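A.B. asks: Before I ask anything, here is the structure I am working with.
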Amino acid sequence: MTGLAKYQRVLFGVGVRNTVADEVRRLGCSRALILSTPPKSSSALDLAAALNDMSAGVFSRAAMHTPVEVTEDALRHVQEINADCIVAIGGGSTTGLGKAIAHRTGLPQIVIPTTYAGSEATPILGQTEDGVKTTLTDRKVLPEVILYDPELVATLPVGMTVTSALNAMAHAAEALYARDKSEDSNQLAIDGLTSFVKSLPKVLQDPEDLAAREETQRGAWACGAVLGRVGMALHHKLCHTLGGSFDLPHAETHAIILPHAIHYNAQAVPGLLAPLTDLLGGSSPGMALWQFAKSMGAPLALRVLGLQVQDLDRVVEIATRNPYWNPREVTADGIRALLEKAWTGEAPGP
Ligand code: NAD
């Protein structure tokens with residue numbers, strides 16, 4: 001085990017969520033606060049039943065982008081019930097709330113992921129205050145335990161399965177050209193991409209194929225872990241802009257932008273992106289990703305998410321306002337051309 005992995009206990013397997021009581025005890029805890037989003041509250045209540053007298057309460061108001069006011073309500077609850085650990089069941093939004101609580105209290109966390117976002121594998125916390133999303137990195141927010149149970153992602157609708165998988169793959173794709181990449185991070189990125197490329201078609205054929213679902217979760221962990229180790233670039237900047245300032249949905253936005261951002265950067269670093277064409281075929285990494293996304297039925301056009309064509313100028317302005325590292329120079333004209341194709345849903349290149 002290298003890097004942050006040694007600080008986490010990561011378990012995979014059908015039914016592994018049922019070991020949650022053992023994991024709470026293992027942490028030396030006995031009063032868990034269970035977190036979920038409103039639609040996943042029944043899963044939170046099931047966990048409370050499984051934890052029995054080790055469940056101190058359920059808070060089912062996790063929301064996208066971790067609003068600070070929700071965190072403050074949850075913190076009041078933590079104090080009232082004297083919780084000594086967090087159990088988060090859900091996607092990146094629920095994990096985000098658990099991390100926000102851990103950042104402020106130091107409470108240990110057990111995360112039971114139900115999407116492929118990968119937040120559970122990173123020490124990164126994103127949170128929103130007064131409409132502005134900021135991120136911080138803090139070892140304290142890295143969850144102590146992750147329980148990857150394939151039965152929980154088997155309920156992900158096919159559309160969400162695909163967009164969430166592409167969201168995870170985006171972390172690994174950008175890791176391939178990260179400025180601070182290493183041999184280890186490169187291998188982790190390739191492992192994550194390989195898991196998804198192999199298992200996603202099987203999952204689409206049979207969404208309840210639990211072996212294939214487990215492989216996607218192994219991919220989610222690897223893609224999340226690499227996101228926690230190296231810096232991201234253009235793709236994440238564009239998605240952050242579209243999510244933060246235009247309220248576009250997280251996973252879908254990643255799915256649409258990824259082929260275009262990779263196509264843009266492939267002009268500068270084709271060799272570093274070669275693992276994508278090795279896995280997906282073809283000679284252009286951006287085109288290979290676009291074809292893969294299309295064949296999986298992913299959304300391809302930002303206009304379908306409700307972005308107006310007249311918003312593109314503002315997206316360009318925000319995304320190019322503050323300089324940041326990217327393997328290819330970020331120019332307003334280049335980003336405008338990229339976004340026009342992503343808006344209409346055209347292929348990124350010839
Ligand atoms: P999400 O957690 O917001 O979930 C989206 C919706 O899907 C919610 O309504 C949820 O209740 C529902 N859902 C979740 N699992 C389901 C399932 N198995 N079946 C049916 N419905 C289900 O979405 P997400 O894409 O997992 O997470 C996005 C958030 O995570 C963003 O805020 C993003 O910034 C954050 N994120 C953070 C990091 C990090 O390292 N900090 C990494 C990746 C993502």
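Ordered as shown in the structure tokens, chains take letters A, B, and onward, while each chain numbers its residues from 1 and ligands are numbered from 1 in the order shown.
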Determine, for each residue of stretch 177-237 of chain A having at least one atom at most 12 Å from an atom of stretch 123-141 of chain A, the closest pair of atoms and their separation in Å to one decimal, counting only C-alpha atoms; order by chain and ascending number, as JSON lines.
C.D. replies:
{"residue": "A:Gly224", "atom": "CA", "partner": "A:Pro123", "partner_atom": "CA", "distance": 9.9}
{"residue": "A:Ala225", "atom": "CA", "partner": "A:Pro123", "partner_atom": "CA", "distance": 9.1}
{"residue": "A:Val226", "atom": "CA", "partner": "A:Pro123", "partner_atom": "CA", "distance": 11.0}
{"residue": "A:Leu227", "atom": "CA", "partner": "A:Ile124", "partner_atom": "CA", "distance": 8.9}
{"residue": "A:Gly228", "atom": "CA", "partner": "A:Pro123", "partner_atom": "CA", "distance": 6.2}
{"residue": "A:Arg229", "atom": "CA", "partner": "A:Pro123", "partner_atom": "CA", "distance": 9.0}
{"residue": "A:Val230", "atom": "CA", "partner": "A:Ile124", "partner_atom": "CA", "distance": 11.4}
{"residue": "A:Gly231", "atom": "CA", "partner": "A:Ile124", "partner_atom": "CA", "distance": 11.3}
A.B. asks: All residues within 6 Å of ligand 1 are required, counting only C-alpha atoms and all ligand atoms; please report them as a list in words.
C.D. replies: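 Listing the residues within 6 Å of ligand 1 gives Thr37, Pro39, Lys40, Met64, His65, Gly90, Gly91, Gly92, Ser93, Thr94, Thr114, Thr115, Ala117, Gly118, Ser119, Thr122, Ile124, Leu125, Gly126, Leu152, Val153, Thr155, Leu156, Ser164, His250 and Ala251 of chain A.
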A.B. asks: Among stretch 160-260 of chain A, which residues carry a DSSP assignment of helix (DSSP H, G or I), reported as a ChimeraX atom specification?
C.D. replies: /A:160-175,183-205,210-227,234-246,250-260
A.B. asks: Pick out the residues sitting within 9 Å of A:Leu188, and hand them over as a PyMOL selection string; count only C-alpha atoms, and ignore anything fewer than 5 positions along from it in its own chain.
C.D. replies: chain A and resi 172+183+193+222-223+225-226
A.B. asks: For stretch 289-292 of chain A, list every protein, DNA or RNA residue within 10 Å, evaluated using only C-alpha atoms, and leave out those in the same chain fewer than 5 positions away; present the list as a ChimeraX atom specification.
C.D. replies: /A:166,169,173,197,201,255-260,262-263,276-277,280-282,284,297-298,300,345-349
A.B. asks: With N, CA, C and O atoms retained, write the just-selected residues as a compact mmCIF listing (two decimals), in the first residue's frame.
C.D. replies:
# COMPACT_ATOMS: atom_id res chain seq x y z
N LEU A 166 -18.38 7.98 -16.11
CA LEU A 166 -17.55 8.91 -16.88
C LEU A 166 -16.98 10.01 -15.98
O LEU A 166 -15.86 10.49 -16.19
N MET A 169 -14.02 8.37 -14.52
CA MET A 169 -12.97 8.21 -15.53
C MET A 169 -12.27 9.54 -15.81
O MET A 169 -11.09 9.58 -16.17
N ALA A 173 -8.39 10.24 -16.36
CA ALA A 173 -7.91 10.76 -17.65
C ALA A 173 -7.03 11.99 -17.42
O ALA A 173 -5.95 12.11 -18.01
N VAL A 197 -13.65 0.47 -18.48
CA VAL A 197 -13.79 0.11 -19.90
C VAL A 197 -14.19 -1.37 -20.03
O VAL A 197 -15.00 -1.73 -20.87
N PRO A 201 -19.62 -1.99 -20.19
CA PRO A 201 -20.49 -2.64 -21.18
C PRO A 201 -21.25 -3.84 -20.58
O PRO A 201 -22.43 -4.05 -20.88
N ALA A 255 -19.53 14.03 -17.93
CA ALA A 255 -19.65 13.08 -19.04
C ALA A 255 -19.56 13.81 -20.38
O ALA A 255 -18.93 13.33 -21.33
N ILE A 256 -20.19 14.99 -20.47
CA ILE A 256 -20.22 15.71 -21.75
C ILE A 256 -18.87 16.39 -22.03
O ILE A 256 -18.36 16.34 -23.16
N ILE A 257 -18.28 17.00 -21.03
CA ILE A 257 -17.06 17.78 -21.26
C ILE A 257 -15.84 16.90 -21.51
O ILE A 257 -14.94 17.25 -22.29
N LEU A 258 -15.79 15.73 -20.86
CA LEU A 258 -14.55 14.93 -20.87
C LEU A 258 -13.93 14.72 -22.26
O LEU A 258 -12.74 15.03 -22.46
N PRO A 259 -14.68 14.22 -23.27
CA PRO A 259 -14.02 13.98 -24.56
C PRO A 259 -13.45 15.26 -25.17
O PRO A 259 -12.40 15.24 -25.82
N HIS A 260 -14.15 16.39 -24.93
CA HIS A 260 -13.72 17.65 -25.53
C HIS A 260 -12.46 18.21 -24.86
O HIS A 260 -11.55 18.70 -25.53
N ILE A 262 -10.26 16.44 -23.23
CA ILE A 262 -9.14 15.55 -23.55
C ILE A 262 -8.67 15.78 -24.99
O ILE A 262 -7.47 15.78 -25.29
N HIS A 263 -9.61 16.02 -25.89
CA HIS A 263 -9.24 16.30 -27.29
C HIS A 263 -8.38 17.56 -27.36
O HIS A 263 -7.37 17.61 -28.07
N LEU A 276 -5.40 5.89 -23.18
CA LEU A 276 -6.83 5.92 -23.52
C LEU A 276 -7.10 5.23 -24.85
O LEU A 276 -8.06 4.45 -24.98
N THR A 277 -6.26 5.49 -25.85
CA THR A 277 -6.48 4.82 -27.14
C THR A 277 -6.06 3.35 -27.06
O THR A 277 -6.64 2.50 -27.73
N LEU A 280 -9.30 2.01 -25.56
CA LEU A 280 -10.57 2.23 -26.26
C LEU A 280 -10.48 2.05 -27.77
O LEU A 280 -11.49 1.99 -28.46
N GLY A 281 -9.25 1.98 -28.27
CA GLY A 281 -9.06 1.87 -29.73
C GLY A 281 -8.99 3.25 -30.38
O GLY A 281 -9.15 4.27 -29.72
N GLY A 282 -8.74 3.27 -31.69
CA GLY A 282 -8.66 4.53 -32.42
C GLY A 282 -7.32 5.19 -32.23
O GLY A 282 -6.42 4.66 -31.56
N SER A 284 -7.26 8.84 -31.68
CA SER A 284 -7.43 10.13 -30.99
C SER A 284 -8.13 9.87 -29.65
O SER A 284 -9.25 9.36 -29.60
N GLY A 297 -24.65 5.46 -24.42
CA GLY A 297 -25.90 6.23 -24.30
C GLY A 297 -25.76 7.45 -23.40
O GLY A 297 -26.77 7.97 -22.89
N ALA A 298 -24.54 7.94 -23.21
CA ALA A 298 -24.33 9.12 -22.35
C ALA A 298 -24.90 10.38 -23.02
O ALA A 298 -24.94 10.45 -24.25
N LEU A 300 -24.62 13.94 -24.63
CA LEU A 300 -23.46 14.46 -25.37
C LEU A 300 -23.47 15.98 -25.49
O LEU A 300 -22.46 16.56 -25.89
N GLY A 345 -23.22 19.03 -29.07
CA GLY A 345 -23.15 17.57 -29.01
C GLY A 345 -22.38 16.97 -30.17
O GLY A 345 -22.43 15.75 -30.39
N GLU A 346 -21.63 17.83 -30.89
CA GLU A 346 -20.78 17.31 -32.00
C GLU A 346 -19.59 16.53 -31.46
O GLU A 346 -19.16 16.77 -30.32
N ALA A 347 -19.02 15.68 -32.31
CA ALA A 347 -17.77 15.01 -31.95
C ALA A 347 -16.67 16.06 -31.76
O ALA A 347 -16.70 17.11 -32.42
N PRO A 348 -15.69 15.79 -30.89
CA PRO A 348 -14.67 16.82 -30.63
C PRO A 348 -13.71 17.05 -31.78
O PRO A 348 -13.09 18.11 -31.86
N GLY A 349 -13.57 16.07 -32.66
CA GLY A 349 -12.59 16.27 -33.74
C GLY A 349 -13.03 15.56 -35.00
O GLY A 349 -14.14 15.02 -35.05
A.B. asks: Could you pull out all residues of stretch 69-163 of chain A with a DSSP call of strand (DSSP E) and give them as a list in words?
C.D. replies: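 In stretch 69-163 of chain A, DSSP puts these residues in strand (DSSP E): Cys85, Ile86, Val87, Ala88, Ile89, Gly90, Gln109, Ile110, Val111, Ile112, Pro113, Ile124, Leu125, Gly126, Gln127, Thr128, Glu129, Val132, Lys133, Thr134, Thr135, Leu136, Thr137, Val145, Ile146, Leu147 and Tyr148 of chain A.
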A.B. asks: Take the residues just selected and output them with N, CA, C and O atoms as an mmCIF file, in the first residue's frame.
C.D. replies:
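The resulting file, selection02.cif, is reproduced below:
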data_model
loop_
_atom_site.group_PDB
_atom_site.id
_atom_site.type_symbol
_atom_site.label_atom_id
_atom_site.label_comp_id
_atom_site.auth_asym_id
_atom_site.auth_seq_id
_atom_site.Cartn_x
_atom_site.Cartn_y
_atom_site.Cartn_z
ATOM 1 N N CYS A 85 -19.146 8.951 15.646
ATOM 2 C CA CYS A 85 -18.645 8.643 14.301
ATOM 3 C C CYS A 85 -19.747 8.919 13.285
ATOM 4 O O CYS A 85 -20.909 9.120 13.648
ATOM 5 N N ILE A 86 -19.329 8.945 12.012
ATOM 6 C CA ILE A 86 -20.244 9.225 10.906
ATOM 7 C C ILE A 86 -20.326 7.984 10.022
ATOM 8 O O ILE A 86 -19.292 7.386 9.706
ATOM 9 N N VAL A 87 -21.551 7.638 9.613
ATOM 10 C CA VAL A 87 -21.717 6.606 8.583
ATOM 11 C C VAL A 87 -22.476 7.282 7.440
ATOM 12 O O VAL A 87 -23.618 7.711 7.618
ATOM 13 N N ALA A 88 -21.828 7.434 6.280
ATOM 14 C CA ALA A 88 -22.452 8.125 5.144
ATOM 15 C C ALA A 88 -22.812 7.095 4.084
ATOM 16 O O ALA A 88 -21.930 6.382 3.605
ATOM 17 N N ILE A 89 -24.085 7.020 3.712
ATOM 18 C CA ILE A 89 -24.475 6.112 2.629
ATOM 19 C C ILE A 89 -25.044 6.945 1.481
ATOM 20 O O ILE A 89 -26.025 7.675 1.650
ATOM 21 N N GLY A 90 -24.363 6.901 0.320
ATOM 22 C CA GLY A 90 -24.827 7.699 -0.809
ATOM 23 C C GLY A 90 -23.703 8.026 -1.769
ATOM 24 O O GLY A 90 -22.646 7.390 -1.757
ATOM 25 N N GLN A 109 -15.024 8.495 9.931
ATOM 26 C CA GLN A 109 -16.110 8.260 8.976
ATOM 27 C C GLN A 109 -16.036 6.868 8.351
ATOM 28 O O GLN A 109 -14.955 6.419 7.967
ATOM 29 N N ILE A 110 -17.226 6.285 8.190
ATOM 30 C CA ILE A 110 -17.375 5.074 7.373
ATOM 31 C C ILE A 110 -18.239 5.499 6.192
ATOM 32 O O ILE A 110 -19.314 6.062 6.392
ATOM 33 N N VAL A 111 -17.752 5.269 4.975
ATOM 34 C CA VAL A 111 -18.541 5.662 3.803
ATOM 35 C C VAL A 111 -19.000 4.410 3.051
ATOM 36 O O VAL A 111 -18.211 3.487 2.827
ATOM 37 N N ILE A 112 -20.265 4.409 2.685
ATOM 38 C CA ILE A 112 -20.845 3.293 1.927
ATOM 39 C C ILE A 112 -21.351 3.901 0.609
ATOM 40 O O ILE A 112 -22.459 4.423 0.526
ATOM 41 N N PRO A 113 -20.483 3.873 -0.444
ATOM 42 C CA PRO A 113 -20.810 4.610 -1.668
ATOM 43 C C PRO A 113 -21.927 3.949 -2.491
ATOM 44 O O PRO A 113 -21.999 2.720 -2.570
ATOM 45 N N ILE A 124 -10.122 15.513 -0.125
ATOM 46 C CA ILE A 124 -10.571 16.820 -0.641
ATOM 47 C C ILE A 124 -12.013 17.062 -0.202
ATOM 48 O O ILE A 124 -12.860 16.165 -0.312
ATOM 49 N N LEU A 125 -12.262 18.271 0.278
ATOM 50 C CA LEU A 125 -13.632 18.663 0.641
ATOM 51 C C LEU A 125 -14.018 19.882 -0.191
ATOM 52 O O LEU A 125 -13.320 20.892 -0.179
ATOM 53 N N GLY A 126 -15.131 19.748 -0.918
ATOM 54 C CA GLY A 126 -15.680 20.908 -1.631
ATOM 55 C C GLY A 126 -16.925 21.340 -0.878
ATOM 56 O O GLY A 126 -17.723 20.495 -0.471
ATOM 57 N N GLN A 127 -17.099 22.637 -0.677
ATOM 58 C CA GLN A 127 -18.306 23.103 0.010
ATOM 59 C C GLN A 127 -18.732 24.460 -0.535
ATOM 60 O O GLN A 127 -17.916 25.199 -1.089
ATOM 61 N N THR A 128 -20.021 24.760 -0.359
ATOM 62 C CA THR A 128 -20.573 25.979 -0.964
ATOM 63 C C THR A 128 -21.105 26.921 0.104
ATOM 64 O O THR A 128 -21.857 26.500 0.985
ATOM 65 N N GLU A 129 -20.685 28.173 -0.014
ATOM 66 C CA GLU A 129 -21.199 29.197 0.899
ATOM 67 C C GLU A 129 -21.527 30.436 0.080
ATOM 68 O O GLU A 129 -20.710 30.869 -0.731
ATOM 69 N N VAL A 132 -20.812 30.282 -3.567
ATOM 70 C CA VAL A 132 -19.442 30.106 -4.063
ATOM 71 C C VAL A 132 -18.900 28.782 -3.539
ATOM 72 O O VAL A 132 -18.923 28.523 -2.323
ATOM 73 N N LYS A 133 -18.423 27.924 -4.470
ATOM 74 C CA LYS A 133 -17.881 26.628 -4.061
ATOM 75 C C LYS A 133 -16.365 26.737 -3.941
ATOM 76 O O LYS A 133 -15.687 27.192 -4.851
ATOM 77 N N THR A 134 -15.865 26.305 -2.790
ATOM 78 C CA THR A 134 -14.409 26.288 -2.612
ATOM 79 C C THR A 134 -14.005 24.874 -2.198
ATOM 80 O O THR A 134 -14.823 24.115 -1.669
ATOM 81 N N THR A 135 -12.745 24.534 -2.442
ATOM 82 C CA THR A 135 -12.277 23.210 -2.035
ATOM 83 C C THR A 135 -11.059 23.364 -1.132
ATOM 84 O O THR A 135 -10.312 24.346 -1.224
ATOM 85 N N LEU A 136 -10.898 22.387 -0.256
ATOM 86 C CA LEU A 136 -9.712 22.361 0.608
ATOM 87 C C LEU A 136 -9.258 20.907 0.710
ATOM 88 O O LEU A 136 -10.028 19.987 0.454
ATOM 89 N N THR A 137 -7.992 20.736 1.074
ATOM 90 C CA THR A 137 -7.460 19.391 1.274
ATOM 91 C C THR A 137 -7.025 19.272 2.721
ATOM 92 O O THR A 137 -6.342 20.150 3.247
ATOM 93 N N VAL A 145 -12.896 4.344 6.685
ATOM 94 C CA VAL A 145 -13.365 3.046 6.170
ATOM 95 C C VAL A 145 -14.272 3.279 4.964
ATOM 96 O O VAL A 145 -15.093 4.193 4.968
ATOM 97 N N ILE A 146 -14.097 2.444 3.922
ATOM 98 C CA ILE A 146 -15.044 2.460 2.797
ATOM 99 C C ILE A 146 -15.577 1.046 2.621
ATOM 100 O O ILE A 146 -14.797 0.082 2.552
ATOM 101 N N LEU A 147 -16.895 0.930 2.532
ATOM 102 C CA LEU A 147 -17.523 -0.372 2.278
ATOM 103 C C LEU A 147 -18.178 -0.314 0.900
ATOM 104 O O LEU A 147 -19.203 0.353 0.720
ATOM 105 N N TYR A 148 -17.533 -0.956 -0.087
ATOM 106 C CA TYR A 148 -18.066 -0.945 -1.463
ATOM 107 C C TYR A 148 -18.922 -2.195 -1.667
ATOM 108 O O TYR A 148 -18.391 -3.289 -1.884
#
A.B. asks: So how far away is atom CA of A:Arg179 from atom CA of A:Ala337, in Å?
C.D. replies: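 Between these atoms lies a distance of 24.6 Å.
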A.B. asks: Within 12 Å of A:Glu80, counting only C-alpha atoms, which residues show up once you throw out same-chain ones fewer than 3 positions away? Write them as a PyMOL selection string, please.
C.D. replies: chain A and resi 31+33+56-57+73-77+83-84
A.B. asks: For a quick check of understanding, using only C-alpha atoms, which of A:Gln217, A:Thr241, A:Ser60, A:Ser30 has the smallest distance to A:Asn82?
C.D. replies: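 Using only C-alpha atoms, A:Asn82 sits closest to A:Ser30.
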A.B. asks: Please compute the atom CA of A:Val24-atom CA of A:Ser42 distance, one decimal, in Å.
C.D. replies: 20.0 Å
